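Below is work_32.tsv, holding TSV, C-alpha atoms.
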chain	number	residue	atom	x	y	z
A	26	MET	CA	146.28	118.69	89.20
A	27	SER	CA	145.83	116.44	86.16
A	28	SER	CA	147.67	117.12	82.91
A	29	LYS	CA	144.21	117.09	81.30
A	30	ASP	CA	143.96	120.70	82.49
A	31	TRP	CA	146.93	121.68	80.33
A	32	ILE	CA	146.38	123.49	77.03
A	33	SER	CA	148.28	123.13	73.77
A	34	THR	CA	149.47	126.46	72.41
A	35	ILE	CA	152.39	128.21	70.72
A	36	TRP	CA	154.80	130.76	72.17
A	37	GLY	CA	153.50	133.51	69.89
A	38	GLU	CA	150.11	133.28	71.62
A	39	ILE	CA	151.47	133.79	75.13
A	40	ALA	CA	154.64	135.92	74.89
A	41	THR	CA	156.76	138.23	72.75
A	42	LEU	CA	160.50	138.46	72.27
A	43	GLU	CA	161.64	142.01	72.97
A	44	TYR	CA	164.87	143.34	71.47
A	45	GLY	CA	167.77	144.31	73.68
A	46	LYS	CA	169.51	147.65	73.23
A	47	SER	CA	173.14	148.66	72.84
A	48	LEU	CA	174.95	149.75	75.99
A	49	LYS	CA	178.37	151.12	76.89
A	50	ASP	CA	180.59	150.80	79.94
A	51	TYR	CA	178.90	147.77	81.46
A	52	GLN	CA	181.91	145.47	81.68
A	53	ASN	CA	183.72	147.35	84.45
A	54	SER	CA	180.69	148.84	86.16
A	55	LYS	CA	180.28	148.59	89.95
A	56	SER	CA	176.49	148.95	89.67
A	57	ASP	CA	173.99	146.23	90.60
A	58	ILE	CA	171.68	145.83	87.58
A	59	PRO	CA	172.79	142.71	85.67
A	60	VAL	CA	173.48	143.01	81.94
A	61	TYR	CA	172.90	140.00	79.67
A	62	GLY	CA	174.08	139.16	76.18
A	63	THR	CA	173.53	136.16	73.93
A	64	ASN	CA	175.52	133.83	76.22
A	65	GLY	CA	174.47	135.10	79.62
A	66	LEU	CA	175.64	137.60	82.22
A	67	ILE	CA	178.29	139.99	80.85
A	68	GLY	CA	178.34	142.94	83.27
A	69	PHE	CA	176.35	145.42	85.31
A	70	THR	CA	174.75	148.84	84.83
A	71	THR	CA	172.61	151.43	86.64
A	72	LYS	CA	169.29	151.16	84.80
A	73	SER	CA	167.18	148.14	83.84
A	74	LEU	CA	165.59	147.52	80.45
A	75	CYS	CA	163.27	144.76	81.69
A	76	LYS	CA	161.55	145.71	84.94
A	77	PHE	CA	160.47	142.20	85.99
A	78	PRO	CA	162.11	138.77	86.39
A	79	SER	CA	162.22	137.04	83.04
A	80	VAL	CA	164.01	134.94	80.44
A	81	ILE	CA	166.92	136.07	78.29
A	82	ILE	CA	167.25	134.35	74.91
A	83	GLY	CA	170.32	134.66	72.72
A	84	ARG	CA	169.69	136.46	69.41
A	85	LYS	CA	173.06	136.46	67.62
A	86	GLY	CA	176.00	134.08	67.49
A	87	ALA	CA	176.84	130.43	66.84
A	88	TYR	CA	175.75	129.52	70.37
A	89	ARG	CA	172.70	131.32	71.76
A	90	GLY	CA	171.77	130.49	75.32
A	91	VAL	CA	168.67	130.65	77.51
A	92	HIS	CA	169.07	132.36	80.88
A	93	PHE	CA	166.91	133.63	83.73
A	94	SER	CA	167.19	136.74	85.87
A	95	ASN	CA	165.20	136.83	89.11
A	96	ARG	CA	165.41	140.61	89.26
A	97	PRO	CA	165.16	143.58	86.85
A	98	PHE	CA	167.94	143.49	84.25
A	99	TYR	CA	169.33	144.96	81.04
A	100	VAL	CA	169.70	143.13	77.71
A	101	ILE	CA	172.11	144.28	75.02
A	102	ASP	CA	171.33	144.01	71.31
A	103	THR	CA	172.67	140.46	70.92
A	104	ALA	CA	169.75	139.02	72.88
A	105	PHE	CA	165.98	139.11	73.43
A	106	TYR	CA	164.00	139.10	76.63
A	107	LEU	CA	160.64	137.37	77.07
A	108	LYS	CA	157.57	139.51	77.76
A	109	PRO	CA	154.35	137.65	78.69
A	110	LYS	CA	151.20	138.51	76.73
A	111	ILE	CA	148.99	136.76	79.26
A	112	GLU	CA	148.75	137.10	83.03
A	113	LYS	CA	148.82	133.37	83.68
A	114	LEU	CA	152.40	132.75	82.53
A	115	ASP	CA	155.07	132.27	85.18
A	116	THR	CA	158.37	133.50	83.73
A	117	ARG	CA	160.45	131.00	85.69
A	118	PHE	CA	158.29	128.18	84.33
A	119	ALA	CA	158.82	129.71	80.87
A	120	TYR	CA	162.59	129.55	81.44
A	121	TYR	CA	162.53	125.85	82.28
A	122	GLN	CA	160.15	125.15	79.40
A	123	LEU	CA	162.56	126.81	76.98
A	124	LEU	CA	165.48	124.76	78.28
A	125	THR	CA	163.79	121.80	76.57
A	126	LYS	CA	163.98	123.59	73.18
A	127	ASP	CA	166.91	123.88	70.78
A	128	ILE	CA	167.14	127.64	70.36
A	129	ASN	CA	170.18	127.33	68.12
A	130	SER	CA	168.14	125.45	65.51
A	131	MET	CA	165.90	128.49	64.99
A	132	ASP	CA	168.20	130.30	62.57
A	133	SER	CA	167.07	133.26	60.48
A	134	GLY	CA	169.51	132.31	57.70
A	135	SER	CA	171.57	135.52	57.85
A	136	ALA	CA	175.38	135.55	57.58
A	137	ILE	CA	175.61	135.78	61.37
A	138	PRO	CA	173.61	132.97	63.03
A	139	SER	CA	170.53	134.63	64.51
A	140	THR	CA	167.43	133.42	66.33
A	141	SER	CA	164.30	133.68	64.19
A	142	ARG	CA	161.43	135.28	66.10
A	143	GLU	CA	158.96	133.75	63.64
A	144	ASP	CA	160.28	130.26	64.35
A	145	PHE	CA	160.18	130.96	68.07
A	146	TYR	CA	156.58	132.15	67.97
A	147	ASN	CA	155.58	128.94	66.16
A	148	LEU	CA	157.15	126.68	68.80
A	149	GLU	CA	154.51	124.48	70.41
A	150	LEU	CA	154.19	123.89	74.15
A	151	LEU	CA	151.84	122.47	76.73
A	152	LEU	CA	150.81	125.14	79.22
A	153	PRO	CA	149.47	124.04	82.63
A	154	PRO	CA	147.39	126.22	84.96
A	155	ILE	CA	149.39	128.95	86.69
A	156	THR	CA	149.38	127.12	90.05
A	157	THR	CA	150.97	124.08	88.40
A	158	GLN	CA	153.46	126.30	86.57
A	159	LYS	CA	154.58	127.74	89.89
A	160	ARG	CA	154.88	124.33	91.54
A	161	ILE	CA	156.98	123.00	88.66
A	162	ALA	CA	159.18	126.09	88.71
A	163	GLN	CA	159.63	125.76	92.48
A	164	ILE	CA	160.76	122.13	92.24
A	165	LEU	CA	163.29	122.87	89.51
A	166	SER	CA	164.55	126.11	91.05
A	167	SER	CA	165.08	124.33	94.39
A	168	LEU	CA	167.36	121.87	92.60
A	169	ASP	CA	169.17	124.73	90.87
A	170	GLU	CA	169.62	126.59	94.15
A	171	LYS	CA	171.17	123.52	95.78
A	172	ILE	CA	173.46	123.05	92.77
A	173	GLU	CA	174.50	126.70	92.94
A	174	LEU	CA	175.13	126.46	96.70
A	175	ASN	CA	177.36	123.43	96.13
A	176	LEU	CA	179.28	125.27	93.42
A	177	GLN	CA	179.79	128.26	95.72
A	178	THR	CA	181.05	125.93	98.46
A	179	ILE	CA	183.44	124.28	96.02
A	180	ALA	CA	184.79	127.66	94.86
A	181	THR	CA	185.22	128.87	98.45
A	182	LEU	CA	187.05	125.73	99.59
A	183	GLU	CA	189.31	125.81	96.54
A	184	ALA	CA	190.18	129.43	97.27
A	185	ILE	CA	190.92	128.61	100.92
A	186	ALA	CA	193.22	125.71	100.02
A	187	GLN	CA	195.07	127.79	97.43
A	188	ALA	CA	195.40	130.73	99.84
A	189	ILE	CA	196.93	128.50	102.54
A	190	PHE	CA	199.32	127.01	99.99
A	191	LYS	CA	200.45	130.48	98.91
A	192	GLU	CA	200.80	131.72	102.48
A	193	TRP	CA	202.93	128.75	103.57
A	194	PHE	CA	204.85	127.71	100.46
A	195	VAL	CA	205.17	130.90	98.41
A	196	ASP	CA	205.22	133.70	100.99
A	197	PHE	CA	206.89	131.42	103.59
A	198	ASN	CA	204.54	132.49	106.40
A	199	PHE	CA	204.17	128.93	107.67
A	200	PRO	CA	203.68	127.65	111.24
A	201	GLY	CA	206.95	127.80	113.13
A	202	ALA	CA	208.67	130.09	110.59
A	203	THR	CA	211.82	131.66	112.07
A	204	GLY	CA	212.60	133.92	109.12
A	205	GLU	CA	216.03	132.33	108.68
A	206	MET	CA	216.74	132.03	104.95
A	207	VAL	CA	219.47	130.37	102.88
A	208	GLU	CA	220.62	130.74	99.29
A	209	SER	CA	219.42	128.29	96.62
A	210	GLU	CA	219.35	128.12	92.82
A	211	LEU	CA	215.83	129.57	93.04
A	212	GLY	CA	216.81	132.38	95.38
A	213	LEU	CA	216.37	132.64	99.13
A	214	ILE	CA	214.42	129.80	100.74
A	215	PRO	CA	213.73	128.94	104.40
A	216	LYS	CA	216.42	126.97	106.17
A	217	GLY	CA	215.65	123.25	106.04
A	218	TRP	CA	213.83	123.49	102.70
A	219	LYS	CA	215.25	122.16	99.42
A	220	VAL	CA	215.04	122.53	95.65
A	221	GLY	CA	213.93	119.55	93.55
A	222	ARG	CA	213.55	118.71	89.88
A	223	LEU	CA	210.00	117.72	88.90
A	224	GLY	CA	211.29	114.73	86.99
A	225	ASP	CA	212.87	113.39	90.18
A	226	ILE	CA	209.93	113.90	92.52
A	227	LEU	CA	207.03	113.09	90.19
A	228	GLU	CA	206.10	110.11	88.05
A	229	ILE	CA	205.18	111.74	84.73
A	230	LYS	CA	203.28	110.05	81.90
A	231	GLY	CA	201.55	110.97	78.66
A	232	GLY	CA	198.85	109.41	76.53
A	233	THR	CA	197.62	108.92	73.00
A	234	THR	CA	194.38	108.46	71.08
A	235	PRO	CA	193.57	105.02	69.67
A	236	SER	CA	192.65	105.14	65.98
A	237	THR	CA	189.13	106.52	65.63
A	238	LYS	CA	188.83	104.57	62.37
A	239	ASP	CA	188.96	101.25	64.21
A	240	GLN	CA	185.72	100.68	66.11
A	241	LYS	CA	187.18	97.84	68.17
A	242	TYR	CA	188.89	100.51	70.31
A	243	TRP	CA	185.77	102.52	71.12
A	244	GLY	CA	182.59	102.19	73.14
A	245	GLY	CA	183.93	99.94	75.89
A	246	ASN	CA	183.80	100.33	79.65
A	247	ASN	CA	187.10	102.16	80.21
A	248	PHE	CA	187.11	105.91	80.79
A	249	PHE	CA	189.11	107.93	78.25
A	250	ALA	CA	189.90	111.56	79.12
A	251	THR	CA	190.72	114.48	76.84
A	252	PRO	CA	191.28	118.13	77.88
A	253	LYS	CA	187.70	118.82	76.80
A	254	ASP	CA	186.55	116.78	79.80
A	255	LEU	CA	188.33	119.28	82.08
A	256	SER	CA	187.29	122.45	80.24
A	257	ASN	CA	183.94	122.89	81.99
A	258	LEU	CA	184.71	121.43	85.42
A	259	LYS	CA	183.47	123.49	88.36
A	260	SER	CA	185.84	121.72	90.74
A	261	PRO	CA	189.27	120.13	90.22
A	262	VAL	CA	187.77	116.63	90.34
A	263	LEU	CA	187.17	114.36	87.34
A	264	LEU	CA	184.19	112.05	87.89
A	265	SER	CA	183.41	111.00	84.32
A	266	THR	CA	184.55	111.30	80.71
A	267	GLU	CA	182.68	111.96	77.49
A	268	ARG	CA	184.17	108.92	75.75
A	269	LYS	CA	185.04	105.36	76.71
A	270	ILE	CA	187.35	102.80	75.14
A	271	THR	CA	187.70	99.04	75.08
A	272	LEU	CA	190.58	97.03	76.54
A	273	ASP	CA	191.97	96.87	73.01
A	274	GLY	CA	191.92	100.67	73.04
A	275	VAL	CA	193.67	100.78	76.41
A	276	ARG	CA	196.44	98.57	74.99
A	277	GLN	CA	197.19	101.26	72.39
A	278	ILE	CA	198.16	103.71	75.16
A	279	ASN	CA	201.56	103.29	76.81
A	280	SER	CA	200.37	104.75	80.10
A	281	GLY	CA	197.46	102.28	80.18
A	282	ILE	CA	194.90	102.93	82.89
A	283	LEU	CA	195.96	105.55	85.43
A	284	PRO	CA	194.94	105.07	89.07
A	285	VAL	CA	192.35	107.04	91.00
A	286	GLY	CA	193.95	110.17	92.43
A	287	THR	CA	196.18	110.91	89.42
A	288	LEU	CA	196.70	114.61	88.70
A	289	LEU	CA	195.94	115.51	85.08
A	290	MET	CA	197.27	118.70	83.50
A	291	SER	CA	196.42	119.72	79.95
A	292	SER	CA	199.71	120.30	78.15
A	293	ARG	CA	198.37	122.27	75.19
A	294	ALA	CA	195.50	124.37	73.87
A	295	PRO	CA	195.49	125.57	76.62
A	296	ILE	CA	198.17	124.62	79.11
A	297	GLY	CA	196.90	124.26	82.67
A	298	TYR	CA	193.50	122.61	82.90
A	299	LEU	CA	193.83	120.61	86.13
A	300	ALA	CA	191.92	117.79	87.81
A	301	ILE	CA	192.39	114.99	90.30
A	302	THR	CA	190.86	111.80	88.90
A	303	ASN	CA	188.20	110.06	90.95
A	304	LEU	CA	188.09	107.13	88.56
A	305	PRO	CA	190.63	104.91	86.78
A	306	VAL	CA	191.23	106.57	83.42
A	307	SER	CA	193.26	106.46	80.22
A	308	ILE	CA	194.33	109.73	78.59
A	309	ASN	CA	195.00	111.20	75.18
A	310	GLN	CA	198.08	113.11	74.03
A	311	GLY	CA	196.82	116.44	75.39
A	312	PHE	CA	197.79	115.64	78.98
A	313	ILE	CA	200.68	115.28	81.33
A	314	ALA	CA	199.68	112.78	84.03
A	315	ILE	CA	201.31	113.25	87.43
A	316	ASN	CA	201.72	111.01	90.44
A	317	ALA	CA	203.90	112.35	93.25
A	318	LYS	CA	206.58	110.10	94.74
A	319	GLU	CA	206.63	112.37	97.79
A	320	TYR	CA	204.10	114.95	98.98
A	321	SER	CA	200.68	114.65	97.26
A	322	ASN	CA	199.11	115.19	93.88
A	323	TYR	CA	196.77	117.84	95.30
A	324	TYR	CA	199.82	119.70	96.65
A	325	PHE	CA	201.22	119.81	93.12
A	326	LEU	CA	197.89	120.95	91.73
A	327	HIS	CA	198.29	124.03	93.94
A	328	TRP	CA	201.93	124.36	92.89
A	329	ILE	CA	201.03	124.35	89.19
A	330	LYS	CA	198.35	127.01	89.74
A	331	GLU	CA	200.92	129.25	91.40
A	332	ASN	CA	203.57	128.62	88.74
A	333	ILE	CA	201.58	128.34	85.52
A	334	GLU	CA	203.55	131.18	83.90
A	335	ILE	CA	206.77	129.21	84.40
A	336	LEU	CA	205.21	126.23	82.64
A	337	ILE	CA	203.99	128.36	79.75
A	338	SER	CA	207.47	129.88	79.38
A	339	ARG	CA	208.84	126.36	78.81
A	340	ALA	CA	206.31	125.59	76.08
A	341	ASN	CA	206.98	125.48	72.34
A	342	GLY	CA	204.88	125.45	69.19
A	343	SER	CA	203.84	127.62	66.25
A	344	THR	CA	200.18	126.63	65.91
A	345	PHE	CA	199.61	126.36	69.67
A	346	LEU	CA	201.90	126.24	72.68
A	347	GLU	CA	202.62	122.84	74.18
A	348	ILE	CA	204.82	121.89	77.11
A	349	SER	CA	206.50	118.55	76.53
A	350	LYS	CA	207.02	115.96	79.23
A	351	SER	CA	210.79	116.40	78.90
A	352	ASN	CA	210.58	120.17	79.42
A	353	PHE	CA	208.18	119.68	82.32
A	354	ARG	CA	210.57	117.24	84.00
A	355	GLU	CA	213.40	119.80	83.96
A	356	ILE	CA	211.49	122.45	85.91
A	357	THR	CA	212.67	122.92	89.49
A	358	CYS	CA	210.57	123.76	92.52
A	359	ILE	CA	211.01	124.61	96.19
A	360	LEU	CA	210.06	121.79	98.57
A	361	PRO	CA	209.17	122.10	102.27
A	362	PRO	CA	210.26	119.72	105.04
A	363	THR	CA	208.13	116.59	105.37
A	364	ASP	CA	206.65	117.56	108.74
A	365	LEU	CA	205.41	120.90	107.40
A	366	PHE	CA	203.92	119.25	104.33
A	367	GLN	CA	202.11	116.76	106.56
A	368	LYS	CA	200.51	119.60	108.54
A	369	PHE	CA	199.33	121.14	105.28
A	370	ASN	CA	198.19	117.79	103.94
A	371	LEU	CA	195.84	117.22	106.88
A	372	ILE	CA	193.99	120.39	105.89
A	373	ASP	CA	194.34	119.88	102.15
A	374	GLN	CA	193.07	116.30	102.02
A	375	SER	CA	190.07	117.20	104.19
A	376	ILE	CA	189.19	119.94	101.71
A	377	LEU	CA	189.71	117.59	98.76
A	378	GLU	CA	187.37	115.02	100.31
A	379	ILE	CA	184.65	117.64	100.71
A	380	LEU	CA	185.21	118.81	97.12
A	381	ILE	CA	184.81	115.26	95.82
A	382	ASN	CA	181.62	114.67	97.82
A	383	ASN	CA	180.14	118.02	96.79
A	384	GLU	CA	180.99	117.41	93.15
A	385	LYS	CA	179.37	113.96	93.26
A	386	GLU	CA	176.23	115.39	94.84
A	387	THR	CA	176.16	118.21	92.30
A	388	GLN	CA	176.43	115.81	89.37
A	389	ASN	CA	173.64	113.66	90.84
A	390	LEU	CA	171.41	116.72	91.22
A	391	ILE	CA	172.12	117.78	87.64
A	392	SER	CA	171.24	114.27	86.43
A	393	ILE	CA	167.98	114.35	88.40
A	394	ARG	CA	167.10	117.76	86.97
A	395	GLU	CA	167.83	116.64	83.40
A	396	LEU	CA	165.73	113.51	83.94
A	397	ILE	CA	162.64	115.18	85.38
A	398	LEU	CA	162.71	118.45	83.37
A	399	PRO	CA	161.12	117.07	80.16
A	400	LYS	CA	158.74	114.87	82.18
A	401	LEU	CA	157.50	117.87	84.17
A	402	MET	CA	157.13	119.93	81.02
A	403	ASN	CA	154.96	117.43	79.17
A	404	GLY	CA	152.79	116.52	82.15
A	405	GLU	CA	154.19	113.00	82.48
A	406	ILE	CA	154.88	113.74	86.15
A	407	GLU	CA	151.66	115.04	87.68
A	408	LEU	CA	151.72	117.44	90.63
Exercise: express the given structure as structure tokens:
Amino acid sequence: MSSKDWISTIWGEIATLEYGKSLKDYQNSKSDIPVYGTNGLIGFTTKSLCKFPSVIIGRKGAYRGVHFSNRPFYVIDTAFYLKPKIEKLDTRFAYYQLLTKDINSMDSGSAIPSTSREDFYNLELLLPPITTQKRIAQILSSLDEKIELNLQTIATLEAIAQAIFKEWFVDFNFPGATGEMVESELGLIPKGWKVGRLGDILEIKGGTTPSTKDQKYWGGNNFFATPKDLSNLKSPVLLSTERKITLDGVRQINSGILPVGTLLMSSRAPIGYLAITNLPVSINQGFIAINAKEYSNYYFLHWIKENIEILISRANGSTFLEISKSNFREITCILPPTDLFQKFNLIDQSILEILINNEKETQNLISIRELILPKLMNGEIEL
């Protein structure tokens, strides 16, 4: 259908923003009605406020999101929900349409940042016929469903790998275990195992930030990672960075360009963001970069997850805790025999390969969605 059939209108002509209501005891509820606040899903309850699938729009707070529930839901008083005024408005289409708007710019001017209903109602949009709305929503929701499936697969595989690691290397229920234990500085360990110092078994490096005042260091072709790049990862795989630096910038960093497969761990604010790099990368001072001399970097990613409290206990700092490279090097760990590690590594590396491929596909799907979303919403792509 041609975009000539679309009409120009404003949100106030086709929908209203309904206020959420206060609610208690939703955070630990075992019920099945989702509860939404300004930033999305926050719990569950027994009774819905909105009886139909619709859009949730943040009302209060510095960041106010746009979310969709495909079933009846409850909204607390920090958010609105969208109620159509016309029959020919598909709420899932409305959700995708609103993703193209900057909700956080519609501020009422109160002390607490709040979404202005008046500004919202004056927002302009192009509204296609209902059949086109549904087709657009179906295309975009199919992409989102595939993205969500990939994320669920990633989470499941991560949990499996971590569970095997714990079973074998923490609980000592590994293949061929005899139960024979010997004393060590870390307590009883299986016979044939050993204790090692991280500084002896890992190559450990740090980074720095080239001067942001000197533009010759910035905007090149070399990836430059900060802990922020790891903060929103859905899998422990780093495929890109927000910033890039020039070769002059790389030369300001003692660790230079780290190879693909390096394990990055944020060393402060907070300690413990983790990722395996899938690209050559330079790092800032917020990381400890790890390359194992024996075993594998993914093995030590699991080890850090299991022992994060030990790392935090070795941290110092008044403003925020930071674990130094020297303190990290002095930590000791229990190490399995090589043959047992190799059995684990066959499983672990297979999982890591799937994680990398799934993450790449997910990022490609997200890029496609971001590319076509505005084009679908303005009729540039005709269906």
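Among the candidates A:Ile164, A:Cys75, A:Ile82, A:Ala40, the one nearest to Lys108 (chain A) when counting only C-alpha atoms is A:Ala40.
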- Task: Please indicate the distance in Å from CA of Met290 (chain A) to CA of Leu255 (chain A), rounded to one decimal place.
- Result: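 Taking CA of Met290 (chain A) and CA of Leu255 (chain A), their separation equals 9.1 Å.
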What separates CA of Leu74 (chain A) and CA of Gly62 (chain A) is a distance of 12.7 Å
Could the residues of region 144-251 of chain A that have an atom at most 12 Å from region 93-98 of chain A be listed as JSON lines, each with its closest atom pair and the distance in Å to one decimal, counting all atoms listed in the file and ordered by chain and ascending residue number?
{"residue": "A:Ala162", "atom": "CA", "partner": "A:Phe93", "partner_atom": "CA", "distance": 11.9}
{"residue": "A:Ser166", "atom": "CA", "partner": "A:Phe93", "partner_atom": "CA", "distance": 10.8}
{"residue": "A:Asp169", "atom": "CA", "partner": "A:Phe93", "partner_atom": "CA", "distance": 11.6}
Would you write out, as a tab-separated table, a table of all residues in region 335-366 of chain A that have an atom no more than 10 Å from an atom of region 292-304 of chain A, listing for each the closest atom pair and the distance in Å to one decimal, considering all atoms listed in the file and ordering rows by chain and rising residue number?
residue	atom	partner	partner_atom	distance
A:Leu336	CA	A:Ile296	CA	8.0
A:Ile337	CA	A:Ile296	CA	6.9
A:Ala340	CA	A:Arg293	CA	8.7
A:Asn341	CA	A:Arg293	CA	9.6
A:Gly342	CA	A:Arg293	CA	9.4
A:Thr344	CA	A:Ala294	CA	9.5
A:Phe345	CA	A:Ala294	CA	6.2
A:Leu346	CA	A:Arg293	CA	5.9
A:Glu347	CA	A:Arg293	CA	4.4
A:Ile348	CA	A:Ser292	CA	5.5
A:Ser349	CA	A:Ser292	CA	7.2
A:Lys350	CA	A:Ser292	CA	8.6
A:Phe353	CA	A:Ser292	CA	9.5
I need the residues from that last selection saved to file as a short mmCIF file (atom, residue, chain, number, x, y, z; two decimals), keeping the file's coordinate frame (with C-alpha atoms), if you can.
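Listing of selection-v2.cif after writing:
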data_model
loop_
_atom_site.label_atom_id
_atom_site.label_comp_id
_atom_site.auth_asym_id
_atom_site.auth_seq_id
_atom_site.Cartn_x
_atom_site.Cartn_y
_atom_site.Cartn_z
CA LEU A 336 205.21 126.23 82.64
CA ILE A 337 203.99 128.36 79.75
CA ALA A 340 206.31 125.59 76.08
CA ASN A 341 206.98 125.48 72.34
CA GLY A 342 204.88 125.45 69.19
CA THR A 344 200.18 126.63 65.91
CA PHE A 345 199.61 126.36 69.67
CA LEU A 346 201.90 126.24 72.68
CA GLU A 347 202.62 122.84 74.18
CA ILE A 348 204.82 121.89 77.11
CA SER A 349 206.50 118.55 76.53
CA LYS A 350 207.02 115.96 79.23
CA PHE A 353 208.18 119.68 82.32
#
Shell of 8 Å around Thr233 (chain A), only C-alpha atoms, local chain residues under 3 positions omitted, as a short mmCIF file (atom, residue, chain, number, x, y, z; two decimals) with C-alpha atoms, keeping the file's coordinate frame:
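What ended up in selection28.cif:
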data_model
loop_
_atom_site.label_atom_id
_atom_site.label_comp_id
_atom_site.auth_asym_id
_atom_site.auth_seq_id
_atom_site.Cartn_x
_atom_site.Cartn_y
_atom_site.Cartn_z
CA GLN A 277 197.19 101.26 72.39
CA ILE A 278 198.16 103.71 75.16
CA ASN A 279 201.56 103.29 76.81
CA ILE A 308 194.33 109.73 78.59
CA ASN A 309 195.00 111.20 75.18
CA GLN A 310 198.08 113.11 74.03
CA GLY A 311 196.82 116.44 75.39
#
**Request:** List the neighbours of Val60 (chain A) out to 10 Å using all atoms listed in the file; skip same-chain residues closer than 6 positions along the sequence, and give me the result as number ranges by chain.
**Result:** A: 48, 51-52, 66-74, 94, 97-101
Filtering to C-alpha atoms, could you give me those residues as a PDB file, in the coordinates of the input?
ATOM      1  CA  LEU A  48     174.950 149.750  75.990  1.00  0.00           C
ATOM      2  CA  TYR A  51     178.900 147.770  81.460  1.00  0.00           C
ATOM      3  CA  GLN A  52     181.910 145.470  81.680  1.00  0.00           C
ATOM      4  CA  LEU A  66     175.640 137.600  82.220  1.00  0.00           C
ATOM      5  CA  ILE A  67     178.290 139.990  80.850  1.00  0.00           C
ATOM      6  CA  GLY A  68     178.340 142.940  83.270  1.00  0.00           C
ATOM      7  CA  PHE A  69     176.350 145.420  85.310  1.00  0.00           C
ATOM      8  CA  THR A  70     174.750 148.840  84.830  1.00  0.00           C
ATOM      9  CA  THR A  71     172.610 151.430  86.640  1.00  0.00           C
ATOM     10  CA  LYS A  72     169.290 151.160  84.800  1.00  0.00           C
ATOM     11  CA  SER A  73     167.180 148.140  83.840  1.00  0.00           C
ATOM     12  CA  LEU A  74     165.590 147.520  80.450  1.00  0.00           C
ATOM     13  CA  SER A  94     167.190 136.740  85.870  1.00  0.00           C
ATOM     14  CA  PRO A  97     165.160 143.580  86.850  1.00  0.00           C
ATOM     15  CA  PHE A  98     167.940 143.490  84.250  1.00  0.00           C
ATOM     16  CA  TYR A  99     169.330 144.960  81.040  1.00  0.00           C
ATOM     17  CA  VAL A 100     169.700 143.130  77.710  1.00  0.00           C
ATOM     18  CA  ILE A 101     172.110 144.280  75.020  1.00  0.00           C
TER      19      ILE A 101
END
| field | Polymer residues at most 12 Å from Ser33 (chain A), all atoms listed in the file, same-chain spacing of 2 or more positions, as a PyMOL selection string | value | chain A and resi 28-31+35-36+38-39+148-154+402-404
Closest of A:Thr178, A:Thr363, A:Ser265, A:Asn129 to Glu319 (chain A), counting all atoms listed in the file, is A:Thr363
(message) Using Å and a single decimal, report how far CA of Lys259 (chain A) sits from CA of Ser392 (chain A).
(response)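 Those two atoms sit 15.4 Å apart.
Distances to Lys400 (chain A) were evaluated for A:Ser54, A:Asn383, A:Gln122, A:Thr116 using only C-alpha atoms, and the minimum falls at A:Gln122.
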For a quick check of understanding, using all atoms listed in the file, which of A:Lys126, A:Lys171, A:Lys241, A:Arg222 has the smallest distance to Glu355 (chain A)?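 Comparing A:Lys126, A:Lys171, A:Lys241, A:Arg222 against Glu355 (chain A), the winner is A:Arg222.
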Judged by all atoms listed in the file, the minimum distance to Thr387 (chain A) among A:Val262, A:Leu272, A:Ile189, A:Leu213 is found for A:Val262
If you count all atoms listed in the file, the residue of A:Ile406, A:Ile359, A:Val195, A:Ile381 closest to Ser260 (chain A) turns out to be A:Ile381
Excluding Lys269 (chain A) and any residue of its chain fewer than 5 positions from it, enumerate the residues within 8 Å of it, using only C-alpha atoms, and give them as a ChimeraX atom specification.
-> /A:243-249
Who sits within 10 Å of Gln240 (chain A), only C-alpha atoms, same chain under 4 positions skipped, as number ranges by chain | A: 235-236, 244-245, 270-271, 274
Please dump the current selection as an mmCIF file, keeping the file's coordinate frame; keep C-alpha atoms.
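Done, and the output landed in part01.cif:
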data_model
loop_
_atom_site.group_PDB
_atom_site.id
_atom_site.type_symbol
_atom_site.label_atom_id
_atom_site.label_comp_id
_atom_site.auth_asym_id
_atom_site.auth_seq_id
_atom_site.Cartn_x
_atom_site.Cartn_y
_atom_site.Cartn_z
ATOM 1 C CA PRO A 235 193.570 105.020 69.670
ATOM 2 C CA SER A 236 192.650 105.140 65.980
ATOM 3 C CA GLY A 244 182.590 102.190 73.140
ATOM 4 C CA GLY A 245 183.930 99.940 75.890
ATOM 5 C CA ILE A 270 187.350 102.800 75.140
ATOM 6 C CA THR A 271 187.700 99.040 75.080
ATOM 7 C CA GLY A 274 191.920 100.670 73.040
#
Q) Is there a way to get, as a PyMOL selection string, all residues within 10 Å of the point (218.4, 118.7, 97.5) in file coordinates, counting all atoms listed in the file? A) chain A and resi 209+218-222+359-360
Please reconstruct the missing atoms of region 259-263 of chain A (target: N, CA and C atoms) and return them as an mmCIF file, in the frame of the given file.
data_model
loop_
_atom_site.group_PDB
_atom_site.id
_atom_site.type_symbol
_atom_site.label_atom_id
_atom_site.label_comp_id
_atom_site.auth_asym_id
_atom_site.auth_seq_id
_atom_site.Cartn_x
_atom_site.Cartn_y
_atom_site.Cartn_z
ATOM 1 N N LYS A 259 183.663 122.461 87.337
ATOM 2 C CA LYS A 259 183.470 123.490 88.360
ATOM 3 C C LYS A 259 184.333 123.234 89.584
ATOM 4 N N SER A 260 184.904 122.042 89.671
ATOM 5 C CA SER A 260 185.840 121.720 90.740
ATOM 6 C C SER A 260 186.973 120.912 90.125
ATOM 7 N N PRO A 261 188.121 120.839 90.803
ATOM 8 C CA PRO A 261 189.270 120.130 90.220
ATOM 9 C C PRO A 261 189.185 118.625 90.415
ATOM 10 N N VAL A 262 188.014 118.062 90.126
ATOM 11 C CA VAL A 262 187.770 116.630 90.340
ATOM 12 C C VAL A 262 187.132 116.056 89.081
ATOM 13 N N LEU A 263 187.721 115.001 88.536
ATOM 14 C CA LEU A 263 187.170 114.360 87.340
ATOM 15 C C LEU A 263 186.389 113.119 87.750
#
